[in-house]
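First comes the structure, then the notes that go with it.
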Amino acid sequence: MSDHRDLPVAVSADWLRDNRDGVVVVDSRWYLDGRSGRDAYRAGHVPGAVFADVDTDLAAPASAQDGRHPLPSPTDFAAALKRLGIGDDSTVVVYDDANGSVAARMVWMLRALGTPAAFLDGGLAEWTGELETGDTTPEPGRRTARPWPQERIVHTDAVASLTGDPAHLLLDARAHCRYTGEAPAPVDARPGHVPGARSAEWQGNLDERGLLAAPEVLRARFSALGADTAATVTAYCGSGVTACHDLLALEHAGYAGARLYPGSWSRWGGDPSLPVETGDRAQ
């Protein structure tokens, strides 16, 4: 197998076509409106791809204390990866049909654990080859449970203690209208955002074709939001999924060590004791 330790956060469909025999391909389609990602996978997927369920393979059960998509325990995640055929030495390419915004969750999780992983830039729409239907049953991998690196994860109490401190940049990856509170999603318990957070909707990481923007473009974007001078950068979204797109975009732009708030707005907004801001934050 080729050495993929320097794998970028996103790869092209041409790269995947040329390297498909050396990677595990994962379909991670998931929909906020409740449609079945598994049904979409069964109707047509990249040949040989396995299906990872955001709700069960990539998250622990939802709770008021931890939000809609808590990170799974290291043991549970290792078991899911093993079942998907992802071993300790695997390289993984994940795709969705949402410009990488869902696939980013699994890619970030794997990269945080030191596993080479990337999302298919542009998603399934970029794949021009034939599709396969039904289920793919992989040969189980040999996967060791690895602890989540605590320096890459932030919990609610830590977010609350840093609220409003410009040295600790907090980015909200949700659509801008959810950030301001003008058009909250039905899943949002309250409109608005964590006080002091900056709006960095994940769609702003894309170019006009819907592909991940160039590093220098992303560098300018996050620099304008304060990433150059911040001691820490943390991203959140509705439940810790699309925030990972911001985290991968930050890495693509050359920023190291950005952190995920897994509970995100599902945890913060769902707790009436925590403060909320609405509208655009003053520059």
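Going by the structure tokens order, chains are called A, B, ..., each with residues numbered from 1, while ligands are numbered from 1 in the order shown.
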**Message:** Give me, as number ranges by chain, the residues of segment 61-236 of chain A that a backbone DSSP run labels strand (DSSP E).
**Reply:** A: 92-95, 117-120, 168-172, 198-199, 232-236
Could those selected residues go to a file with N, CA and C atoms, as a PDB file, in the first residue's frame?
```pdb
ATOM      1  N   VAL A  92      -8.223   6.178   4.434  1.00  0.00           N
ATOM      2  CA  VAL A  92      -9.665   6.250   4.252  1.00  0.00           C
ATOM      3  C   VAL A  92     -10.046   7.493   3.448  1.00  0.00           C
ATOM      4  N   VAL A  93     -10.951   7.316   2.495  1.00  0.00           N
ATOM      5  CA  VAL A  93     -11.560   8.434   1.779  1.00  0.00           C
ATOM      6  C   VAL A  93     -13.063   8.367   2.011  1.00  0.00           C
ATOM      7  N   VAL A  94     -13.622   9.444   2.507  1.00  0.00           N
ATOM      8  CA  VAL A  94     -15.036   9.510   2.863  1.00  0.00           C
ATOM      9  C   VAL A  94     -15.741  10.481   1.913  1.00  0.00           C
ATOM     10  N   TYR A  95     -16.952  10.132   1.510  1.00  0.00           N
ATOM     11  CA  TYR A  95     -17.696  11.067   0.662  1.00  0.00           C
ATOM     12  C   TYR A  95     -19.129  11.197   1.155  1.00  0.00           C
ATOM     13  N   ALA A 117      -6.758  10.226   6.319  1.00  0.00           N
ATOM     14  CA  ALA A 117      -8.145  10.279   5.852  1.00  0.00           C
ATOM     15  C   ALA A 117      -8.379  11.583   5.129  1.00  0.00           C
ATOM     16  N   ALA A 118      -9.260  11.547   4.142  1.00  0.00           N
ATOM     17  CA  ALA A 118      -9.616  12.727   3.356  1.00  0.00           C
ATOM     18  C   ALA A 118     -11.048  12.579   2.895  1.00  0.00           C
ATOM     19  N   PHE A 119     -11.683  13.700   2.564  1.00  0.00           N
ATOM     20  CA  PHE A 119     -13.003  13.605   1.945  1.00  0.00           C
ATOM     21  C   PHE A 119     -12.871  13.802   0.445  1.00  0.00           C
ATOM     22  N   LEU A 120     -13.820  13.231  -0.273  1.00  0.00           N
ATOM     23  CA  LEU A 120     -13.865  13.384  -1.726  1.00  0.00           C
ATOM     24  C   LEU A 120     -14.327  14.793  -2.039  1.00  0.00           C
ATOM     25  N   HIS A 168      -9.374  33.469  22.547  1.00  0.00           N
ATOM     26  CA  HIS A 168      -9.880  32.116  22.312  1.00  0.00           C
ATOM     27  C   HIS A 168     -11.014  32.207  21.298  1.00  0.00           C
ATOM     28  N   LEU A 169     -10.664  32.068  20.044  1.00  0.00           N
ATOM     29  CA  LEU A 169     -11.608  32.256  18.939  1.00  0.00           C
ATOM     30  C   LEU A 169     -12.575  31.080  18.864  1.00  0.00           C
ATOM     31  N   LEU A 170     -13.863  31.399  18.810  1.00  0.00           N
ATOM     32  CA  LEU A 170     -14.914  30.399  18.682  1.00  0.00           C
ATOM     33  C   LEU A 170     -15.641  30.632  17.367  1.00  0.00           C
ATOM     34  N   LEU A 171     -15.665  29.625  16.511  1.00  0.00           N
ATOM     35  CA  LEU A 171     -16.269  29.736  15.184  1.00  0.00           C
ATOM     36  C   LEU A 171     -17.548  28.917  15.115  1.00  0.00           C
ATOM     37  N   ASP A 172     -18.594  29.504  14.560  1.00  0.00           N
ATOM     38  CA  ASP A 172     -19.891  28.852  14.382  1.00  0.00           C
ATOM     39  C   ASP A 172     -20.035  28.490  12.909  1.00  0.00           C
ATOM     40  N   ARG A 198     -17.836  33.834  16.387  1.00  0.00           N
ATOM     41  CA  ARG A 198     -17.843  34.459  15.052  1.00  0.00           C
ATOM     42  C   ARG A 198     -18.514  33.518  14.059  1.00  0.00           C
ATOM     43  N   SER A 199     -19.258  34.081  13.136  1.00  0.00           N
ATOM     44  CA  SER A 199     -19.902  33.270  12.100  1.00  0.00           C
ATOM     45  C   SER A 199     -18.872  32.846  11.061  1.00  0.00           C
ATOM     46  N   THR A 232      -6.210  29.955  20.916  1.00  0.00           N
ATOM     47  CA  THR A 232      -6.890  28.720  20.541  1.00  0.00           C
ATOM     48  C   THR A 232      -7.990  29.044  19.548  1.00  0.00           C
ATOM     49  N   VAL A 233      -8.301  28.082  18.694  1.00  0.00           N
ATOM     50  CA  VAL A 233      -9.415  28.194  17.755  1.00  0.00           C
ATOM     51  C   VAL A 233     -10.298  26.970  17.950  1.00  0.00           C
ATOM     52  N   THR A 234     -11.575  27.197  18.194  1.00  0.00           N
ATOM     53  CA  THR A 234     -12.529  26.117  18.422  1.00  0.00           C
ATOM     54  C   THR A 234     -13.705  26.302  17.480  1.00  0.00           C
ATOM     55  N   ALA A 235     -14.195  25.192  16.918  1.00  0.00           N
ATOM     56  CA  ALA A 235     -15.344  25.252  16.015  1.00  0.00           C
ATOM     57  C   ALA A 235     -16.512  24.458  16.580  1.00  0.00           C
ATOM     58  N   TYR A 236     -17.717  24.974  16.343  1.00  0.00           N
ATOM     59  CA  TYR A 236     -18.930  24.234  16.683  1.00  0.00           C
ATOM     60  C   TYR A 236     -19.957  24.465  15.585  1.00  0.00           C
TER      61      TYR A 236
END
```
**Request:** Pick out the residues sitting within 12 Å of segment 6-11 of chain A, and hand them over as a ChimeraX atom specification; count only C-alpha atoms, and ignore anything fewer than 6 positions along from it in its own chain.
**Result:** /A:17-20,23,25,91-95,99-101,103-112,114-123,126-127,206,211-215,244-254
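Counting only C-alpha atoms and comparing A:Gly204, A:Pro149, A:Gly210, A:Gly270, the residue that lies closest to Pro191 of chain A is A:Gly270.
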**Request:** Once DSSP has gone over the backbone, tell me which residues of segment 133-174 of chain A are in helix (DSSP H, G or I), as a list in words.
**Result:**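 Filtering segment 133-174 of chain A to helix (DSSP H, G or I) leaves Gln150, Glu151, Arg152, Thr156, Asp157, Ala158, Val159, Ala160, Ser161 and Leu162 of chain A.
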Take the selection from the previous step and output its residues with all heavy atoms, as a PDB file, in the first residue's frame.
```pdb
ATOM      1  N   GLN A 150      -7.262  14.893  23.994  1.00  0.00           N
ATOM      2  CA  GLN A 150      -8.036  15.874  24.743  1.00  0.00           C
ATOM      3  C   GLN A 150      -7.706  17.317  24.362  1.00  0.00           C
ATOM      4  O   GLN A 150      -8.530  18.211  24.564  1.00  0.00           O
ATOM      5  CB  GLN A 150      -7.836  15.651  26.242  1.00  0.00           C
ATOM      6  CG  GLN A 150      -8.496  14.364  26.738  1.00  0.00           C
ATOM      7  CD  GLN A 150      -9.975  14.305  26.373  1.00  0.00           C
ATOM      8  OE1 GLN A 150     -10.754  15.166  26.766  1.00  0.00           O
ATOM      9  NE2 GLN A 150     -10.362  13.271  25.617  1.00  0.00           N
ATOM     10  N   GLU A 151      -6.530  17.543  23.781  1.00  0.00           N
ATOM     11  CA  GLU A 151      -6.185  18.897  23.368  1.00  0.00           C
ATOM     12  C   GLU A 151      -6.944  19.323  22.110  1.00  0.00           C
ATOM     13  O   GLU A 151      -6.911  20.490  21.736  1.00  0.00           O
ATOM     14  CB  GLU A 151      -4.675  19.015  23.133  1.00  0.00           C
ATOM     15  CG  GLU A 151      -4.153  18.267  21.922  1.00  0.00           C
ATOM     16  CD  GLU A 151      -3.868  16.793  22.158  1.00  0.00           C
ATOM     17  OE1 GLU A 151      -4.224  16.279  23.254  1.00  0.00           O
ATOM     18  OE2 GLU A 151      -3.287  16.151  21.254  1.00  0.00           O
ATOM     19  N   ARG A 152      -7.665  18.375  21.476  1.00  0.00           N
ATOM     20  CA  ARG A 152      -8.412  18.699  20.268  1.00  0.00           C
ATOM     21  C   ARG A 152      -9.917  18.780  20.521  1.00  0.00           C
ATOM     22  O   ARG A 152     -10.689  18.984  19.582  1.00  0.00           O
ATOM     23  CB  ARG A 152      -8.140  17.628  19.186  1.00  0.00           C
ATOM     24  CG  ARG A 152      -6.681  17.461  18.808  1.00  0.00           C
ATOM     25  CD  ARG A 152      -6.115  18.691  18.126  1.00  0.00           C
ATOM     26  NE  ARG A 152      -6.853  19.044  16.931  1.00  0.00           N
ATOM     27  CZ  ARG A 152      -6.685  18.442  15.743  1.00  0.00           C
ATOM     28  NH1 ARG A 152      -5.793  17.475  15.611  1.00  0.00           N
ATOM     29  NH2 ARG A 152      -7.370  18.835  14.692  1.00  0.00           N
ATOM     30  N   THR A 156     -18.420  21.831  27.298  1.00  0.00           N
ATOM     31  CA  THR A 156     -19.247  23.009  27.542  1.00  0.00           C
ATOM     32  C   THR A 156     -18.682  23.917  28.627  1.00  0.00           C
ATOM     33  O   THR A 156     -18.668  25.146  28.479  1.00  0.00           O
ATOM     34  CB  THR A 156     -20.675  22.577  27.903  1.00  0.00           C
ATOM     35  OG1 THR A 156     -21.204  21.790  26.819  1.00  0.00           O
ATOM     36  CG2 THR A 156     -21.570  23.785  28.129  1.00  0.00           C
ATOM     37  N   ASP A 157     -18.191  23.324  29.711  1.00  0.00           N
ATOM     38  CA  ASP A 157     -17.692  24.167  30.796  1.00  0.00           C
ATOM     39  C   ASP A 157     -16.498  24.992  30.361  1.00  0.00           C
ATOM     40  O   ASP A 157     -16.342  26.157  30.754  1.00  0.00           O
ATOM     41  CB  ASP A 157     -17.348  23.327  32.029  1.00  0.00           C
ATOM     42  CG  ASP A 157     -16.381  22.199  31.735  1.00  0.00           C
ATOM     43  OD1 ASP A 157     -16.081  21.949  30.552  1.00  0.00           O
ATOM     44  OD2 ASP A 157     -15.917  21.546  32.701  1.00  0.00           O
ATOM     45  N   ALA A 158     -15.641  24.400  29.515  1.00  0.00           N
ATOM     46  CA  ALA A 158     -14.484  25.139  29.014  1.00  0.00           C
ATOM     47  C   ALA A 158     -14.914  26.242  28.056  1.00  0.00           C
ATOM     48  O   ALA A 158     -14.373  27.357  28.091  1.00  0.00           O
ATOM     49  CB  ALA A 158     -13.504  24.194  28.328  1.00  0.00           C
ATOM     50  N   VAL A 159     -15.884  25.949  27.190  1.00  0.00           N
ATOM     51  CA  VAL A 159     -16.397  26.984  26.281  1.00  0.00           C
ATOM     52  C   VAL A 159     -16.976  28.140  27.093  1.00  0.00           C
ATOM     53  O   VAL A 159     -16.713  29.319  26.808  1.00  0.00           O
ATOM     54  CB  VAL A 159     -17.460  26.394  25.330  1.00  0.00           C
ATOM     55  CG1 VAL A 159     -18.100  27.494  24.487  1.00  0.00           C
ATOM     56  CG2 VAL A 159     -16.840  25.345  24.413  1.00  0.00           C
ATOM     57  N   ALA A 160     -17.731  27.822  28.124  1.00  0.00           N
ATOM     58  CA  ALA A 160     -18.342  28.861  28.952  1.00  0.00           C
ATOM     59  C   ALA A 160     -17.290  29.721  29.650  1.00  0.00           C
ATOM     60  O   ALA A 160     -17.447  30.943  29.767  1.00  0.00           O
ATOM     61  CB  ALA A 160     -19.270  28.224  29.983  1.00  0.00           C
ATOM     62  N   SER A 161     -16.209  29.096  30.081  1.00  0.00           N
ATOM     63  CA  SER A 161     -15.172  29.847  30.801  1.00  0.00           C
ATOM     64  C   SER A 161     -14.402  30.782  29.887  1.00  0.00           C
ATOM     65  O   SER A 161     -13.789  31.752  30.362  1.00  0.00           O
ATOM     66  CB  SER A 161     -14.201  28.872  31.480  1.00  0.00           C
ATOM     67  OG  SER A 161     -13.382  28.210  30.537  1.00  0.00           O
ATOM     68  N   LEU A 162     -14.418  30.513  28.573  1.00  0.00           N
ATOM     69  CA  LEU A 162     -13.660  31.332  27.627  1.00  0.00           C
ATOM     70  C   LEU A 162     -14.541  32.274  26.821  1.00  0.00           C
ATOM     71  O   LEU A 162     -14.038  33.021  25.976  1.00  0.00           O
ATOM     72  CB  LEU A 162     -12.891  30.417  26.656  1.00  0.00           C
ATOM     73  CG  LEU A 162     -11.887  29.451  27.301  1.00  0.00           C
ATOM     74  CD1 LEU A 162     -11.317  28.513  26.253  1.00  0.00           C
ATOM     75  CD2 LEU A 162     -10.782  30.209  28.003  1.00  0.00           C
TER      76      LEU A 162
END
```
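With atom CA of Arg146 of chain A on one side and atom CA of Pro70 of chain A on the other, the separation reads 16.4 Å.
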**Message:** For a quick check of understanding, using only C-alpha atoms, which of A:Asp228, A:Gly22, A:Asp280, A:Pro184 has the smallest distance to Ala258 of chain A?
**Reply:**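 The shortest atom-to-atom distance to Ala258 of chain A comes from A:Asp228.
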**Prompt:** Looking at A:Gly238, A:Gly257, A:Gly134, A:Gly34, which one is nearest to Ala175 of chain A, with distances taken over only C-alpha atoms?
**Reply:** A:Gly238
